[in-house]
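A.B. asks: Before I ask anything, let me first share the structure, which is written out below as structure tokens.
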Amino acid sequence: MGCIVSNLRCIVCTFLASTSGVFRMAESSGGSSFMYMSADNVKGLILALSSSLFIGASFIVKKKGLKKAGASGIRAGVGGYSYLHEPLWWAGMITMIVGEVANFTAYAFAPAILVTPLGALSIIVSAVLAHIMLKEKLHILGILGCILCVVGSTTIVLHAPQEREIDSVKDVWNLALEPAFLLYSISVISLALVLIFHFVSRYGNTHVMVYIGICSLMGSLSVMSCKALGIALKLTFEGMNQLIYPETWVFAMVVVMCVVTQMNYLNKALDTFNTAVVSPIYYVMFTSFTILASVIMFKDWDRQNPSQIITELCGFITILAGTFLLHTTKDMGDNITSGLNVYPGLTTIHSSRFVVTKRSENNGFSMEEIPLRRQESRTP
């Protein structure tokens, strides 16, 4: 375990060292852009990295709080709210709030295409802490997944578009009222309502995509509103008061509604399914919808040439590969099934489904399909 933690610490330190070089070059040029990175993008990058550390830790602390509360009360996955009386859950929530505040501030300085994909680093933090605190296995291929996340994040950082010049919150409001984004918003809200009122009661506890789909859809709208609100506060602090405009408060209300919805269904997902499943799938879906919303609303790609866009997409795909590799190997057993000369937990030519080793009631190990749900939540 010590070797794995040490290796992952080196991965994160390497990424921070490489980005710090970018910071120094940006500062030495008097705030001018370097490798398409403006001074504002650098500020947003630092805040995004800090956010990933706090949010990654919060997943694990909240998970332990949910498990502890579920042992003595009604679990969140079946509609209970006993976790509200659990101090450990509140510690995780406070940690997440700190991370979200840093993330919120980052959106005021940098485009969503830069800030959102860096959430992959929270997957690395979550994987390390889950290995230590939740005893969820992390193997060598999981470390490779972490490396891919770092490589993809660095690629996006070095080719991210510069922030759009906005002089008033009314400018953001006008962008939100354009037909393309209105169509996107209506589609997202409609799909989220269908999931909530039709699919949650039927498939919420058996299909991870239901809860995470709701979180991701509403999350894309919350990020756009957070960015608008962050820009309004930034301009206000610079002496141009944006609090006098009703549009600022509309964006604030949208943020509150979307975040409350996200937290409710994220709690249900964490309580019902394995952290190794929730974290990467939530990251992939949330990031994908957020980038799509940002491209539609703020037209980030209009300020870039095709080679930059393709490079960013390659970086994002690299991150996706890393998160799914980390997810696939997260719960691999320590033993190799007889007759299979591969790592357990990976598909082979002999099987088209994932398998893992699970401790049975008699303390032996038996082969099973990969458990998407928490083992203690299975029904006999």
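Residue numbering restarts at 1 in every chain; chains get A, B, ... in the order shown in the structure tokens, and ligands count up from 1 in that same order.
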Show me, as a count of residues only, the residues that have an atom within 8 Å of Met218 in chain A when counting only C-alpha atoms, minus same-chain residues fewer than 6 positions from it.
C.D. replies: 7
A.B. asks: To one decimal place in Å, what is the distance between CA of Thr311 in chain A and CA of Val150 in chain A?
C.D. replies: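 Pair CA of Thr311 in chain A / CA of Val150 in chain A returns 14.9 Å.
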A.B. asks: For Leu121 in chain A, find every residue with an atom within 6 Å (counting only C-alpha atoms), except residues of its own chain fewer than 3 positions away, and show them as a PyMOL selection string.
C.D. replies: chain A and resi 52+118+124
A.B. asks: As JSON, numbers by chain, please: all residues of range 164-307 of chain A that backbone DSSP puts in helix (DSSP H, G or I).
C.D. replies: {"A": [169, 170, 171, 172, 173, 174, 175, 176, 179, 180, 181, 182, 183, 184, 185, 186, 187, 188, 189, 190, 191, 192, 193, 194, 195, 196, 197, 198, 199, 200, 201, 202, 203, 208, 209, 210, 211, 212, 213, 214, 215, 216, 217, 218, 219, 220, 221, 222, 223, 224, 225, 226, 227, 228, 229, 230, 231, 232, 233, 234, 235, 236, 237, 246, 247, 248, 249, 250, 251, 252, 253, 254, 255, 256, 257, 258, 259, 260, 261, 262, 263, 264, 265, 266, 267, 268, 269, 270, 271, 272, 275, 276, 277, 278, 279, 280, 281, 282, 283, 284, 285, 286, 287, 288, 289, 290, 291, 292, 293, 294, 295, 296, 297, 300, 301, 302, 303, 306, 307]}
A.B. asks: Just the residues within 10 Å of range 289-304 of chain A, please, counting only C-alpha atoms, with nothing from its chain fewer than 4 positions along; format it as a VMD selection string.
C.D. replies: chain A and resid 36 111 to 117 159 to 164 172 to 182 184 to 185 188 216 to 224 227 284 to 285 308 to 309
A.B. asks: For CA of Ala269 in chain A and CA of Ile140 in chain A, quote the distance in Å rounded to one decimal.
C.D. replies: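 Going from CA of Ala269 in chain A over to CA of Ile140 in chain A, I get 26.8 Å.
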A.B. asks: Give me, as JSON lines, each residue of range 203-297 of chain A that comes within 8 Å of range 58-73 of chain A, together with its shortest interatomic pair and the distance in Å at one decimal, counting only C-alpha atoms, with rows ordered by chain and rising residue number.
C.D. replies:
{"residue": "A:Leu270", "atom": "CA", "partner": "A:Lys63", "partner_atom": "CA", "distance": 6.5}
{"residue": "A:Asp271", "atom": "CA", "partner": "A:Leu66", "partner_atom": "CA", "distance": 6.3}
{"residue": "A:Thr275", "atom": "CA", "partner": "A:Lys63", "partner_atom": "CA", "distance": 7.8}
A.B. asks: From the list A:Ile156, A:Ile166, A:Leu233, A:Val277, which residue is nearest Met209 in chain A when using only C-alpha atoms?
C.D. replies: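 Of all the options, A:Val277 lies closest to Met209 in chain A.
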A.B. asks: Which residue is closest to Ala48 in chain A? Choose from A:Asn305, A:Ser82, A:Asn274, A:Ser153 and count only C-alpha atoms.
C.D. replies: A:Ser153
A.B. asks: Pick out the residues sitting within 12 Å of Ile231 in chain A, and hand them over as an MDAnalysis selection string; count only C-alpha atoms, and ignore anything fewer than 6 positions along from it in its own chain.
C.D. replies: chainID A and resid 104:111 163:173 224:225 237:238 240:243 248 251:252
A.B. asks: Save the residues we just selected, N, CA and C atoms, as a compact mmCIF listing (two decimals), in the first residue's frame?
C.D. replies:
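Output below, filename out.txt:
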# COMPACT_ATOMS: atom_id res chain seq x y z
N PHE A 104 -15.95 27.14 -8.05
CA PHE A 104 -16.83 28.25 -8.44
C PHE A 104 -15.99 29.48 -8.83
N THR A 105 -15.00 29.77 -8.00
CA THR A 105 -14.14 30.93 -8.27
C THR A 105 -13.32 30.72 -9.54
N ALA A 106 -12.91 29.46 -9.77
CA ALA A 106 -12.11 29.17 -10.96
C ALA A 106 -12.88 29.49 -12.23
N TYR A 107 -14.19 29.24 -12.24
CA TYR A 107 -15.00 29.51 -13.43
C TYR A 107 -15.09 31.00 -13.75
N ALA A 108 -14.85 31.85 -12.73
CA ALA A 108 -14.89 33.29 -12.98
C ALA A 108 -13.66 33.76 -13.74
N PHE A 109 -12.59 32.96 -13.73
CA PHE A 109 -11.33 33.36 -14.36
C PHE A 109 -11.02 32.57 -15.64
N ALA A 110 -11.46 31.34 -15.71
CA ALA A 110 -11.06 30.47 -16.83
C ALA A 110 -12.29 29.82 -17.46
N PRO A 111 -12.20 29.43 -18.74
CA PRO A 111 -13.33 28.78 -19.41
C PRO A 111 -13.59 27.38 -18.85
N GLU A 163 -10.25 33.09 -21.84
CA GLU A 163 -11.58 33.45 -21.36
C GLU A 163 -12.19 34.52 -22.26
N ARG A 164 -13.50 34.42 -22.46
CA ARG A 164 -14.23 35.40 -23.27
C ARG A 164 -14.33 36.72 -22.52
N GLU A 165 -14.15 37.83 -23.22
CA GLU A 165 -14.26 39.15 -22.61
C GLU A 165 -15.73 39.48 -22.36
N ILE A 166 -16.08 39.66 -21.09
CA ILE A 166 -17.46 39.98 -20.73
C ILE A 166 -17.44 41.21 -19.82
N ASP A 167 -18.26 42.22 -20.17
CA ASP A 167 -18.26 43.49 -19.44
C ASP A 167 -19.42 43.64 -18.48
N SER A 168 -20.40 42.76 -18.58
CA SER A 168 -21.58 42.86 -17.71
C SER A 168 -22.28 41.52 -17.66
N VAL A 169 -23.01 41.30 -16.55
CA VAL A 169 -23.78 40.06 -16.42
C VAL A 169 -24.86 40.00 -17.49
N LYS A 170 -25.25 41.17 -18.01
CA LYS A 170 -26.25 41.19 -19.08
C LYS A 170 -25.71 40.51 -20.34
N ASP A 171 -24.40 40.59 -20.54
CA ASP A 171 -23.80 39.90 -21.69
C ASP A 171 -23.99 38.39 -21.56
N VAL A 172 -23.82 37.86 -20.34
CA VAL A 172 -24.02 36.44 -20.11
C VAL A 172 -25.49 36.08 -20.28
N TRP A 173 -26.36 36.95 -19.80
CA TRP A 173 -27.80 36.72 -19.92
C TRP A 173 -28.20 36.62 -21.40
N MET A 224 -22.86 26.53 -15.71
CA MET A 224 -23.07 27.74 -16.51
C MET A 224 -23.59 28.89 -15.64
N SER A 225 -24.48 28.58 -14.71
CA SER A 225 -25.00 29.62 -13.81
C SER A 225 -23.93 30.07 -12.82
N PHE A 237 -16.47 43.22 -7.61
CA PHE A 237 -15.26 43.50 -6.83
C PHE A 237 -14.31 44.45 -7.56
N GLU A 238 -14.41 44.47 -8.88
CA GLU A 238 -13.57 45.37 -9.67
C GLU A 238 -14.16 46.77 -9.78
N MET A 240 -17.51 47.47 -10.74
CA MET A 240 -18.70 47.56 -11.59
C MET A 240 -19.80 46.71 -10.97
N ASN A 241 -20.64 47.32 -10.16
CA ASN A 241 -21.64 46.61 -9.39
C ASN A 241 -22.64 45.89 -10.30
N GLN A 242 -22.67 44.55 -10.17
CA GLN A 242 -23.60 43.74 -10.96
C GLN A 242 -24.78 43.23 -10.13
N LEU A 243 -24.75 43.53 -8.82
CA LEU A 243 -25.82 43.06 -7.94
C LEU A 243 -27.11 43.82 -8.14
N THR A 248 -28.50 38.75 -12.24
CA THR A 248 -27.54 38.16 -11.29
C THR A 248 -28.26 37.26 -10.30
N PHE A 251 -29.56 33.97 -11.89
CA PHE A 251 -28.49 32.98 -11.98
C PHE A 251 -28.22 32.36 -10.61
N ALA A 252 -28.28 33.17 -9.54
CA ALA A 252 -28.04 32.66 -8.19
C ALA A 252 -29.11 31.63 -7.80
A.B. asks: So the first atom is CA of Ala120 in chain A and the second is CA of Thr323 in chain A; what is the distance between them in Å, to one decimal place?
C.D. replies: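 Separating CA of Ala120 in chain A from CA of Thr323 in chain A is a distance of 7.4 Å.
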